[in-house]
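Structure file query.cif with mmCIF, C-alpha atoms:
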```cif
data_start
#
loop_
_atom_site.label_atom_id
_atom_site.label_comp_id
_atom_site.auth_asym_id
_atom_site.auth_seq_id
_atom_site.Cartn_x
_atom_site.Cartn_y
_atom_site.Cartn_z
CA MET Y 47 -19.41 1.49 13.90
CA GLY Y 48 -16.49 1.10 16.30
CA GLY Y 49 -18.71 2.14 19.21
CA LEU Y 50 -21.42 -0.34 18.30
CA ARG Y 51 -18.98 -3.18 17.73
CA CYS Y 52 -17.27 -2.44 21.03
CA ALA Y 53 -20.59 -2.45 22.93
CA GLU Y 54 -21.54 -5.79 21.35
CA ALA Y 55 -18.16 -7.29 22.15
CA LEU Y 56 -18.29 -6.06 25.77
CA ARG Y 57 -21.53 -8.00 26.23
CA ARG Y 58 -20.04 -11.04 24.53
CA PHE Y 59 -17.03 -10.92 26.88
CA GLY Y 60 -19.36 -10.89 29.86
CA TYR Y 61 -19.51 -7.24 30.91
CA SER Y 62 -23.11 -6.55 32.02
CA GLY Y 63 -22.81 -3.03 33.48
CA PRO Y 64 -24.04 0.20 31.88
CA ILE Y 65 -22.74 1.32 28.45
CA THR Y 66 -23.22 4.79 26.95
CA VAL Y 67 -22.35 5.58 23.32
CA ILE Y 68 -22.03 9.25 22.34
CA GLY Y 69 -22.11 10.07 18.61
CA ASP Y 70 -22.14 13.40 16.80
CA GLU Y 71 -24.26 12.16 13.89
CA PRO Y 72 -28.05 12.03 14.36
CA TRP Y 73 -28.16 8.50 12.93
CA ALA Y 74 -27.70 5.17 14.66
CA PRO Y 75 -24.50 3.47 13.37
CA TYR Y 76 -24.56 2.58 9.68
CA ASN Y 77 -22.27 1.08 7.07
CA ARG Y 78 -20.26 3.74 5.23
CA PRO Y 79 -18.96 1.92 2.10
CA PRO Y 80 -22.33 2.13 0.26
CA LEU Y 81 -22.21 5.94 0.60
CA SER Y 82 -19.99 6.32 -2.48
CA LYS Y 83 -21.98 3.75 -4.47
CA GLU Y 84 -25.55 2.62 -3.75
CA VAL Y 85 -26.53 5.67 -1.66
CA LEU Y 86 -25.30 8.09 -4.37
CA ALA Y 87 -27.01 6.14 -7.13
CA ALA Y 88 -30.52 5.75 -5.71
CA GLU Y 89 -32.92 6.87 -3.00
CA VAL Y 90 -31.41 4.71 -0.29
CA SER Y 91 -32.48 5.55 3.26
CA HIS Y 92 -30.76 5.15 6.61
CA SER Y 93 -32.58 1.88 7.29
CA ALA Y 94 -30.97 0.29 4.21
CA VAL Y 95 -27.45 0.97 5.49
CA ALA Y 96 -28.02 0.82 9.28
CA PHE Y 97 -26.32 -1.96 11.22
CA GLU Y 98 -28.72 -4.49 12.64
CA LYS Y 99 -29.60 -3.89 16.28
CA ARG Y 100 -28.75 -6.97 18.28
CA SER Y 101 -30.69 -7.82 21.42
CA SER Y 102 -27.42 -8.00 23.40
CA VAL Y 103 -27.05 -4.21 23.13
CA ALA Y 104 -30.73 -3.25 23.50
CA ASP Y 105 -29.97 -1.63 26.89
CA VAL Y 106 -27.13 0.58 25.61
CA ASN Y 107 -27.72 4.29 26.20
CA TRP Y 108 -27.32 6.06 22.84
CA VAL Y 109 -26.59 9.80 23.03
CA LEU Y 110 -26.82 10.79 19.34
CA GLY Y 111 -26.52 14.16 17.63
CA THR Y 112 -24.13 15.11 20.45
CA LYS Y 113 -20.38 15.58 20.29
CA ALA Y 114 -17.79 14.73 22.91
CA THR Y 115 -16.07 18.07 23.46
CA SER Y 116 -13.54 17.51 26.25
CA LEU Y 117 -11.87 14.81 28.30
CA ASP Y 118 -10.46 14.87 31.82
CA THR Y 119 -8.42 11.74 32.51
CA GLU Y 120 -7.77 12.81 36.15
CA GLN Y 121 -11.47 13.05 36.98
CA ASN Y 122 -12.49 10.25 34.55
CA THR Y 123 -15.12 12.44 32.90
CA ILE Y 124 -15.99 13.63 29.44
CA THR Y 125 -18.16 16.63 28.60
CA ASP Y 126 -20.47 16.66 25.57
CA SER Y 127 -21.73 19.49 23.36
CA ASP Y 128 -24.92 19.78 25.45
CA GLY Y 129 -22.79 20.50 28.51
CA GLN Y 130 -23.57 17.10 30.01
CA VAL Y 131 -20.74 15.51 32.04
CA HIS Y 132 -20.34 11.72 31.78
CA GLN Y 133 -18.37 9.77 34.40
CA TYR Y 134 -16.60 6.61 33.17
CA SER Y 135 -14.82 3.55 34.54
CA ALA Y 136 -13.47 2.84 31.06
CA LEU Y 137 -13.54 5.16 28.03
CA VAL Y 138 -13.28 4.14 24.36
CA ILE Y 139 -12.29 6.85 21.88
CA ALA Y 140 -13.84 6.05 18.50
CA THR Y 141 -14.21 9.55 17.06
CA GLY Y 142 -12.91 8.61 13.61
CA LEU Y 143 -12.09 11.04 10.83
CA ARG Y 144 -13.43 14.07 9.07
CA PRO Y 145 -12.68 14.96 5.44
CA LYS Y 146 -9.91 17.40 4.63
CA ARG Y 147 -11.18 20.36 2.63
CA LEU Y 148 -9.48 22.50 -0.01
CA ALA Y 149 -7.69 25.55 1.35
CA VAL Y 150 -9.14 28.20 -0.96
CA HIS Y 151 -10.00 31.83 -0.24
CA ASN Y 152 -13.67 31.57 -1.31
CA TYR Y 153 -14.41 28.52 0.78
CA ASP Y 154 -18.06 29.44 1.47
CA LEU Y 155 -19.27 28.89 -2.12
CA ALA Y 156 -22.18 26.46 -2.52
CA ASN Y 157 -21.96 23.15 -4.45
CA ARG Y 158 -18.83 22.00 -2.65
CA PHE Y 159 -19.14 18.50 -1.26
CA ALA Y 160 -17.13 16.01 0.75
CA LEU Y 161 -18.17 12.44 1.42
CA ARG Y 162 -17.99 10.98 4.89
CA THR Y 163 -21.49 10.84 6.35
CA LEU Y 164 -24.92 9.68 5.21
CA ASP Y 165 -26.06 13.32 5.14
CA ASP Y 166 -23.07 14.16 2.88
CA ALA Y 167 -24.09 11.39 0.48
CA ILE Y 168 -27.76 12.45 0.39
CA ALA Y 169 -26.78 16.09 -0.29
CA LEU Y 170 -24.40 15.08 -3.10
CA ARG Y 171 -26.89 12.64 -4.62
CA GLU Y 172 -29.35 15.43 -5.34
CA GLN Y 173 -26.70 17.19 -7.46
CA LEU Y 174 -25.54 14.23 -9.56
CA GLN Y 175 -27.92 14.84 -12.46
CA PRO Y 176 -27.23 13.71 -16.05
CA GLY Y 177 -25.14 16.23 -18.00
CA LYS Y 178 -23.72 18.00 -14.95
CA ASN Y 179 -20.01 18.80 -14.92
CA VAL Y 180 -18.68 17.03 -11.84
CA VAL Y 181 -15.14 17.84 -10.77
CA ILE Y 182 -13.58 15.49 -8.22
CA VAL Y 183 -10.46 16.66 -6.45
CA GLY Y 184 -8.48 13.64 -5.26
CA GLY Y 185 -8.04 10.38 -7.15
CA GLY Y 186 -7.90 7.99 -4.19
CA PHE Y 187 -10.43 5.25 -3.56
CA ILE Y 188 -13.28 7.56 -2.52
CA GLY Y 189 -12.65 9.93 -5.44
CA CYS Y 190 -12.54 7.04 -7.92
CA GLU Y 191 -15.65 5.36 -6.52
CA VAL Y 192 -17.56 8.65 -6.76
CA ALA Y 193 -16.21 9.09 -10.31
CA ALA Y 194 -17.56 5.66 -11.27
CA THR Y 195 -20.97 6.27 -9.70
CA ALA Y 196 -21.33 9.78 -11.16
CA THR Y 197 -20.31 8.53 -14.62
CA LYS Y 198 -22.91 5.77 -14.46
CA LEU Y 199 -25.49 8.46 -13.56
CA GLY Y 200 -24.65 10.36 -16.77
CA CYS Y 201 -22.46 13.14 -15.36
CA ASN Y 202 -19.37 14.52 -17.13
CA VAL Y 203 -16.63 13.64 -14.69
CA THR Y 204 -13.15 15.12 -14.32
CA VAL Y 205 -10.74 13.90 -11.64
CA ILE Y 206 -7.91 16.20 -10.55
CA HIS Y 207 -5.17 14.22 -8.81
CA ASN Y 208 -1.74 15.25 -7.53
CA ALA Y 209 0.03 11.99 -8.47
CA SER Y 210 0.77 10.45 -11.90
CA ALA Y 211 -2.08 7.90 -11.67
CA PRO Y 212 -5.22 7.43 -9.56
CA MET Y 213 -4.83 5.30 -6.40
CA LEU Y 214 -1.08 5.20 -7.16
CA LYS Y 215 0.19 5.05 -3.57
CA PRO Y 216 -1.72 1.93 -2.53
CA LEU Y 217 -1.94 0.11 -5.89
CA GLY Y 218 1.45 0.76 -7.49
CA THR Y 219 2.08 2.00 -11.03
CA GLU Y 220 0.90 -0.91 -13.17
CA LEU Y 221 -2.43 -1.56 -11.46
CA ALA Y 222 -3.09 2.17 -10.97
CA ASN Y 223 -2.47 2.83 -14.70
CA GLN Y 224 -4.79 -0.04 -15.56
CA MET Y 225 -7.56 1.35 -13.34
CA GLN Y 226 -7.07 4.74 -14.99
CA LEU Y 227 -7.57 3.16 -18.45
CA ARG Y 228 -10.74 1.48 -17.26
CA HIS Y 229 -12.11 4.77 -15.92
CA GLU Y 230 -11.17 6.58 -19.13
CA ALA Y 231 -12.94 3.92 -21.20
CA MET Y 232 -16.11 4.85 -19.29
CA GLY Y 233 -15.60 8.53 -20.07
CA VAL Y 234 -13.77 9.90 -17.00
CA ARG Y 235 -11.15 12.57 -17.69
CA PHE Y 236 -8.03 12.72 -15.48
CA LEU Y 237 -5.90 15.80 -14.85
CA LEU Y 238 -2.82 14.23 -13.24
CA LYS Y 239 0.03 15.81 -11.27
CA ARG Y 240 -2.29 18.77 -10.93
CA SER Y 241 -3.88 20.59 -8.04
CA VAL Y 242 -6.59 23.20 -7.56
CA GLU Y 243 -5.40 26.78 -7.38
CA ASP Y 244 -8.74 28.48 -6.79
CA LEU Y 245 -12.51 28.26 -7.21
CA VAL Y 246 -14.50 30.55 -9.51
CA GLY Y 247 -18.02 31.74 -8.73
CA THR Y 248 -19.99 34.27 -6.71
CA SER Y 249 -22.62 32.26 -4.83
CA HIS Y 250 -21.71 28.76 -6.00
CA VAL Y 251 -18.79 27.12 -7.77
CA THR Y 252 -18.96 27.59 -11.57
CA ALA Y 253 -15.38 26.68 -12.48
CA VAL Y 254 -12.11 25.45 -11.00
CA LYS Y 255 -8.70 27.00 -11.67
CA ILE Y 256 -5.93 24.43 -12.06
CA ASP Y 257 -2.27 25.05 -11.20
CA ASP Y 258 -1.28 24.83 -14.89
CA GLY Y 259 -3.26 28.03 -15.50
CA SER Y 260 -6.27 26.38 -17.11
CA THR Y 261 -9.87 26.67 -15.94
CA ILE Y 262 -12.50 23.94 -16.19
CA GLU Y 263 -16.26 24.25 -15.88
CA CYS Y 264 -17.76 22.87 -12.73
CA ASP Y 265 -21.36 22.42 -11.53
CA VAL Y 266 -20.56 20.08 -8.65
CA LEU Y 267 -17.25 19.98 -6.78
CA VAL Y 268 -16.35 16.88 -4.76
CA GLU Y 269 -13.36 17.14 -2.43
CA ALA Y 270 -11.86 13.71 -1.76
CA ILE Y 271 -8.40 14.71 -0.57
CA GLY Y 272 -8.07 12.58 2.55
CA SER Y 273 -9.06 13.04 6.16
CA HIS Y 274 -8.09 14.37 9.59
CA PRO Y 275 -8.39 12.28 12.77
CA ASN Y 276 -10.83 13.85 15.26
CA VAL Y 277 -8.48 14.26 18.22
CA GLU Y 278 -8.70 17.96 19.06
CA TRP Y 279 -11.15 17.35 21.92
CA LEU Y 280 -8.51 15.25 23.73
CA SER Y 281 -6.20 18.20 24.43
CA ASN Y 282 -4.76 18.86 27.92
CA ASN Y 283 -4.36 15.19 28.76
CA LYS Y 284 -0.74 14.72 27.59
CA ILE Y 285 -1.98 12.13 25.07
CA ASP Y 286 0.25 11.37 22.09
CA ARG Y 287 -2.10 12.52 19.33
CA ASN Y 288 0.37 13.18 16.58
CA ASP Y 289 -1.65 11.67 13.67
CA GLY Y 290 -4.42 9.96 15.60
CA VAL Y 291 -4.16 8.53 19.10
CA LEU Y 292 -1.18 6.30 19.90
CA VAL Y 293 -2.27 3.06 21.60
CA ASP Y 294 -0.51 -0.10 22.75
CA SER Y 295 -1.39 -3.64 21.66
CA ALA Y 296 -4.27 -3.62 24.19
CA MET Y 297 -5.66 -0.43 22.54
CA ARG Y 298 -4.75 1.57 25.67
CA VAL Y 299 -3.99 5.24 25.06
CA THR Y 300 -0.36 6.30 25.40
CA ARG Y 301 0.81 9.62 26.83
CA LYS Y 302 3.62 11.67 25.31
CA ASP Y 303 5.95 10.37 28.07
CA ASP Y 304 5.15 6.80 26.87
CA SER Y 305 3.07 5.93 29.98
CA ARG Y 306 -0.38 4.34 29.54
CA ILE Y 307 -3.76 5.63 30.61
CA THR Y 308 -4.99 2.22 31.72
CA ASN Y 309 -8.74 2.90 31.45
CA VAL Y 310 -8.79 4.94 28.21
CA PHE Y 311 -8.77 3.12 24.88
CA ALA Y 312 -8.85 4.17 21.22
CA ILE Y 313 -10.17 2.12 18.29
CA GLY Y 314 -10.93 2.39 14.58
CA ASP Y 315 -9.61 5.00 12.14
CA VAL Y 316 -8.37 7.24 14.94
CA ALA Y 317 -6.13 4.64 16.63
CA ARG Y 318 -2.43 4.44 15.75
CA PHE Y 319 -0.94 1.08 16.69
CA VAL Y 320 1.84 -1.38 15.91
CA ASN Y 321 0.87 -4.36 13.80
CA PRO Y 322 3.68 -6.95 14.22
CA ILE Y 323 2.63 -8.66 10.98
CA PHE Y 324 4.52 -5.89 9.21
CA ASP Y 325 6.97 -4.16 11.57
CA PHE Y 326 7.06 -2.13 14.80
CA GLU Y 327 6.00 1.23 13.41
CA PRO Y 328 2.66 2.47 14.79
CA ARG Y 329 0.19 3.39 12.03
CA ARG Y 330 -3.42 4.38 11.60
CA VAL Y 331 -5.15 2.02 9.16
CA GLU Y 332 -8.24 3.43 7.48
CA HIS Y 333 -9.55 0.09 6.29
CA TRP Y 334 -13.13 -0.96 6.90
CA ASN Y 335 -12.34 -4.04 8.99
CA MET Y 336 -10.18 -2.13 11.52
CA PRO Y 337 -12.98 -0.63 13.68
CA THR Y 338 -14.37 -4.14 14.23
CA GLU Y 339 -10.97 -5.73 14.92
CA THR Y 340 -9.79 -3.00 17.29
CA ALA Y 341 -13.19 -2.82 19.03
CA LYS Y 342 -13.08 -6.52 19.84
CA ARG Y 343 -9.53 -6.26 21.16
CA ALA Y 344 -10.38 -3.25 23.37
CA ALA Y 345 -13.59 -4.91 24.61
CA SER Y 346 -11.77 -8.09 25.66
CA VAL Y 347 -9.38 -6.03 27.78
CA ILE Y 348 -12.08 -3.75 29.25
CA ALA Y 349 -14.36 -6.66 30.18
CA ALA Y 350 -11.46 -8.44 31.93
CA MET Y 351 -10.50 -5.21 33.74
CA LEU Y 352 -14.00 -4.25 34.90
CA ASN Y 353 -14.98 -7.80 35.84
CA HIS Y 354 -11.68 -8.27 37.73
CA GLY Y 355 -11.29 -11.43 35.66
CA ASP Y 356 -8.49 -13.94 36.24
CA ASN Y 357 -7.29 -13.21 32.72
CA TYR Y 358 -6.47 -9.58 33.57
CA PRO Y 359 -3.69 -8.38 33.32
CA GLY Y 360 -2.44 -11.42 31.34
CA ILE Y 361 -4.70 -10.41 28.45
CA LEU Y 362 -2.68 -7.22 27.99
CA ASP Y 363 0.24 -9.26 26.70
CA GLU Y 364 -1.76 -11.09 24.04
CA ASP Y 365 -0.63 -10.45 20.48
CA PHE Y 366 -2.73 -8.13 18.34
CA ARG Y 367 -2.07 -8.69 14.64
CA PRO Y 368 -5.23 -8.10 12.60
CA VAL Y 369 -4.95 -8.66 8.83
CA PRO Y 370 -5.94 -5.39 7.11
CA SER Y 371 -8.37 -5.92 4.29
CA PHE Y 372 -10.15 -3.65 1.85
CA TRP Y 373 -12.22 -3.79 -1.27
CA SER Y 374 -13.47 -1.29 -3.83
CA ASP Y 375 -16.12 -1.49 -6.52
CA GLN Y 376 -15.67 0.69 -9.59
CA TYR Y 377 -17.98 -0.21 -12.50
CA ASP Y 378 -17.58 -3.99 -12.90
CA ASN Y 379 -14.10 -3.95 -11.41
CA HIS Y 380 -14.11 -5.54 -7.99
CA LEU Y 381 -10.85 -4.95 -6.16
CA LEU Y 382 -10.04 -7.03 -3.10
CA ALA Y 383 -6.86 -6.67 -1.07
CA PHE Y 384 -5.16 -7.92 2.09
CA GLY Y 385 -2.20 -6.35 3.86
CA LEU Y 386 -0.71 -2.86 3.71
CA LEU Y 387 -0.01 -2.30 0.01
CA GLY Y 388 1.41 1.17 0.55
CA LEU Y 389 4.49 -0.28 2.32
CA ALA Y 390 5.68 -2.07 -0.82
CA ASP Y 391 8.78 -1.16 -2.82
CA ARG Y 392 8.12 -3.87 -5.43
CA VAL Y 393 4.83 -4.79 -7.09
CA SER Y 394 4.43 -7.71 -9.48
CA MET Y 395 1.56 -9.37 -11.31
CA VAL Y 396 1.37 -13.06 -10.38
CA ALA Y 397 -1.86 -14.29 -11.98
CA GLY Y 398 -4.35 -13.41 -14.68
CA GLU Y 399 -4.09 -10.77 -17.39
CA ILE Y 400 -3.64 -7.06 -16.94
CA SER Y 401 -6.51 -6.25 -19.30
CA GLY Y 402 -8.90 -8.62 -17.51
CA GLU Y 403 -8.86 -10.19 -14.06
CA CYS Y 404 -5.46 -10.16 -12.36
CA VAL Y 405 -3.63 -10.49 -9.04
CA PHE Y 406 -0.64 -8.49 -7.81
CA GLU Y 407 1.80 -9.21 -4.99
CA TYR Y 408 3.29 -6.34 -2.95
CA HIS Y 409 6.75 -6.81 -1.42
CA ARG Y 410 8.97 -4.70 0.80
CA GLY Y 411 12.39 -6.22 0.30
CA ASN Y 412 11.71 -9.95 0.60
CA GLN Y 413 8.67 -9.50 2.86
CA LEU Y 414 5.20 -9.97 1.37
CA VAL Y 415 3.21 -6.95 2.66
CA GLY Y 416 0.10 -7.15 0.51
CA VAL Y 417 -1.94 -8.73 -2.24
CA CYS Y 418 -4.57 -7.13 -4.46
CA GLY Y 419 -6.69 -8.46 -7.28
CA ILE Y 420 -9.28 -7.35 -9.76
CA GLY Y 421 -11.67 -10.30 -9.58
CA MET Y 422 -9.98 -13.72 -8.97
CA ARG Y 423 -11.14 -13.68 -5.38
CA SER Y 424 -10.25 -17.26 -4.53
CA VAL Y 425 -6.65 -16.55 -5.49
CA VAL Y 426 -6.56 -13.33 -3.44
CA GLN Y 427 -8.18 -15.09 -0.49
CA GLY Y 428 -5.59 -17.83 -0.61
CA TYR Y 429 -3.02 -15.22 0.42
CA ARG Y 430 -4.74 -14.18 3.64
CA SER Y 431 -3.28 -17.05 5.65
CA LYS Y 432 0.23 -15.90 4.70
CA PHE Y 433 -0.25 -12.83 6.92
CA ILE Y 434 -1.46 -14.63 10.04
CA MET S 168 -30.23 -24.58 15.79
CA ILE S 169 -29.64 -21.20 14.18
CA LYS S 170 -30.94 -20.11 10.80
CA ILE S 171 -28.74 -18.08 8.50
CA GLU S 172 -29.91 -15.83 5.68
CA VAL S 173 -27.76 -14.13 3.07
CA ASP S 174 -29.35 -11.40 0.94
CA MET S 175 -27.95 -12.47 -2.43
CA THR S 176 -29.02 -9.15 -4.00
CA LYS S 177 -26.52 -7.45 -1.65
CA CYS S 178 -23.78 -10.11 -1.54
CA GLN S 179 -20.74 -9.22 -3.68
CA HIS S 180 -18.97 -12.52 -2.98
CA TYR S 181 -16.04 -10.95 -1.13
CA GLY S 182 -15.87 -14.09 0.99
CA GLN S 183 -14.75 -12.37 4.21
CA CYS S 184 -17.32 -14.54 6.02
CA VAL S 185 -15.46 -17.66 4.89
CA PHE S 186 -12.59 -16.89 7.28
CA GLU S 187 -14.85 -16.37 10.28
CA ALA S 188 -17.22 -19.32 9.78
CA PRO S 189 -15.58 -21.79 7.39
CA ASN S 190 -18.08 -24.53 8.27
CA ILE S 191 -20.95 -22.36 7.00
CA PHE S 192 -19.64 -20.22 4.15
CA ARG S 193 -17.47 -21.05 1.14
CA LEU S 194 -16.69 -19.70 -2.32
CA ASN S 195 -17.41 -22.16 -5.13
CA SER S 196 -15.24 -22.68 -8.21
CA ASP S 197 -16.88 -19.65 -9.87
CA ASP S 198 -15.93 -17.46 -6.87
CA LYS S 199 -19.61 -17.25 -5.84
CA LEU S 200 -20.72 -17.56 -2.23
CA GLU S 201 -22.41 -20.73 -1.04
CA TYR S 202 -23.62 -21.31 2.49
CA THR S 203 -25.43 -23.69 4.80
CA ALA S 204 -28.70 -22.16 5.95
CA GLU S 205 -28.97 -24.06 9.23
CA ALA S 206 -26.29 -24.71 11.81
CA ASP S 207 -25.74 -25.94 15.31
CA ASP S 208 -25.83 -23.37 18.14
CA SER S 209 -22.10 -23.93 18.60
CA GLU S 210 -21.58 -22.00 15.33
CA ARG S 211 -23.34 -18.87 16.62
CA ALA S 212 -20.19 -16.98 17.65
CA ASN S 213 -18.53 -17.71 14.29
CA VAL S 214 -21.60 -16.67 12.32
CA GLU S 215 -21.93 -13.46 14.36
CA ALA S 216 -18.31 -12.69 13.52
CA ALA S 217 -19.13 -13.36 9.85
CA VAL S 218 -22.07 -10.93 10.08
CA ASP S 219 -19.67 -8.31 11.46
CA VAL S 220 -17.09 -8.64 8.70
CA CYS S 221 -19.47 -8.73 5.73
CA PRO S 222 -18.67 -5.56 3.75
CA MET S 223 -22.16 -5.49 2.27
CA GLN S 224 -23.87 -6.37 5.58
CA ALA S 225 -25.78 -9.06 3.70
CA ILE S 226 -25.76 -11.81 6.38
CA ARG S 227 -28.44 -12.22 9.05
CA ILE S 228 -29.09 -14.69 11.80
CA VAL S 229 -32.86 -15.24 11.81
CA GLU S 230 -34.00 -15.30 15.43
#
```
Take the structure in the file and write it out as structure tokens.
Amino acid sequence: MGGLRCAEALRRFGYSGPITVIGDEPWAPYNRPPLSKEVLAAEVSHSAVAFEKRSSVADVNWVLGTKATSLDTEQNTITDSDGQVHQYSALVIATGLRPKRLAVHNYDLANRFALRTLDDAIALREQLQPGKNVVIVGGGFIGCEVAATATKLGCNVTVIHNASAPMLKPLGTELANQMQLRHEAMGVRFLLKRSVEDLVGTSHVTAVKIDDGSTIECDVLVEAIGSHPNVEWLSNNKIDRNDGVLVDSAMRVTRKDDSRITNVFAIGDVARFVNPIFDFEPRRVEHWNMPTETAKRAASVIAAMLNHGDNYPGILDEDFRPVPSFWSDQYDNHLLAFGLLGLADRVSMVAGEISGECVFEYHRGNQLVGVCGIGMRSVVQGYRSKFI
Amino acid sequence: MIKIEVDMTKCQHYGQCVFEAPNIFRLNSDDKLEYTAEADDSERANVEAAVDVCPMQAIRIVE
């Protein structure tokens, strides 16, 4: 997604030279959010989730099913998994995330799933049959969305989560507890402040051992315990890749000595950057609108640089303060949020009713850092301008 | 002129498009999306940005 959006934006900003996009998945870029919902619930194909191909990027060279395996910032080359070497004038790192997996001794058992790619979703979909015991490890947004979809499909769903409520870190106690109640009303069982000790089975998972000593039956295991940034291939370039790739406000990659690599950029989930809306702490933001926002910012700088435009280097100093936004659909509960909710030390309901539609404000000290609602979208939307 | 199409079977009324192209998209008093199906060429960049930010990828510019 970041790669596609960056290519489109490069054309829009007037760069007309060659563009190559290398991607490890066999599919052309597609929209991931439906993977935990529509794609799990029905026979949805790639074409239903693929991004539309715009004529402006018809001449982009797509190298799909191929991984970038190493980078040489002295020679300005990257090498891919087919051994092909690609020379670049400007490079955009948009390698995203991969799911974390449980550290268990019998890791090669079948019926273990994670959800990141279209192929992951198709594989899991085949297993979500009515009556199956589905155990989801991790009660974050992905885990809860899968729980909702699997429940609707008639599965018996248990969520094992290490905190005292699902989605606790982003939502705060009151809203997280409310979402838990709504899941439980649909039949989901939560094992909270618990973790997985071990898996039981010989060829495939048949049960899960919990750290309280109990064992629960399991036909399908879904691991939704967070993700790792894909940065290993960037080694030997002195890049600061402690939790993603550190970039400046122009999305330019930063070395460990704080110098910039002026023709290497990082965007999307893998990029760690300062957002002055909130503070001066660089963070990775795994929200859906970030690949698009960071791609456009990087493309504006790259086009100015490669076209030797009058606006370069002035464009480097432009502010970059995108408003993070996310949403989540679980049953008929439509969550919509702006800001970085996880920064808050104080959460308060400001509109609606807790048992129905409601809106919460998230504050850090006196600073508003986020807003989240179940329903009441006009109210939630009214807050967006407060962050700009 | 550009023609705009929203697949209302996909649209979940998140209203992200409203921020990018406020002359074209709006939420009504029931929080449902309403839009203008035809617009001047000068709106193209805004509508393309709205296409990009639609979580459900429900918006199309009909060429």
Target residues per the PyMOL selection byres ((chain S) within 9 of (chain Y)), formatted as a count of residues only: 16
Gap from CA of Asp207 (chain S) to CA of Arg100 (chain Y) - Å, one decimal: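 Between CA of Asp207 (chain S) and CA of Arg100 (chain Y) the gap is 19.4 Å.
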CA of Ala296 (chain Y) to CA of Ala188 (chain S), distance in Å rounded to a single decimal: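 Between CA of Ala296 (chain Y) and CA of Ala188 (chain S) the gap works out to 24.9 Å.
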Pairwise distance for CA of Leu352 (chain Y) and CA of Tyr61 (chain Y), rounded to one decimal in Å: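 Answer for the CA of Leu352 (chain Y) to CA of Tyr61 (chain Y) separation: 7.4 Å.
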Target residues per the PyMOL selection byres ((chain Y and resi 235-239) around 9), formatted as a list in words: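 This file gives the following for the PyMOL selection byres ((chain Y and resi 235-239) around 9): Gly185, Asn202, Val203, Thr204, Val205, Ile206, His207, Asn208, Ala209, Ser210, Ala211, Pro212, Gln226, His229, Glu230, Gly233, Val234, Arg240 and Ser241 of chain Y.
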Non-local contacts of Gly290 (chain Y) (6 Å; all atoms listed in the file; under 4 positions in same chain excluded) as a ChimeraX atom specification: /Y:275,316-318
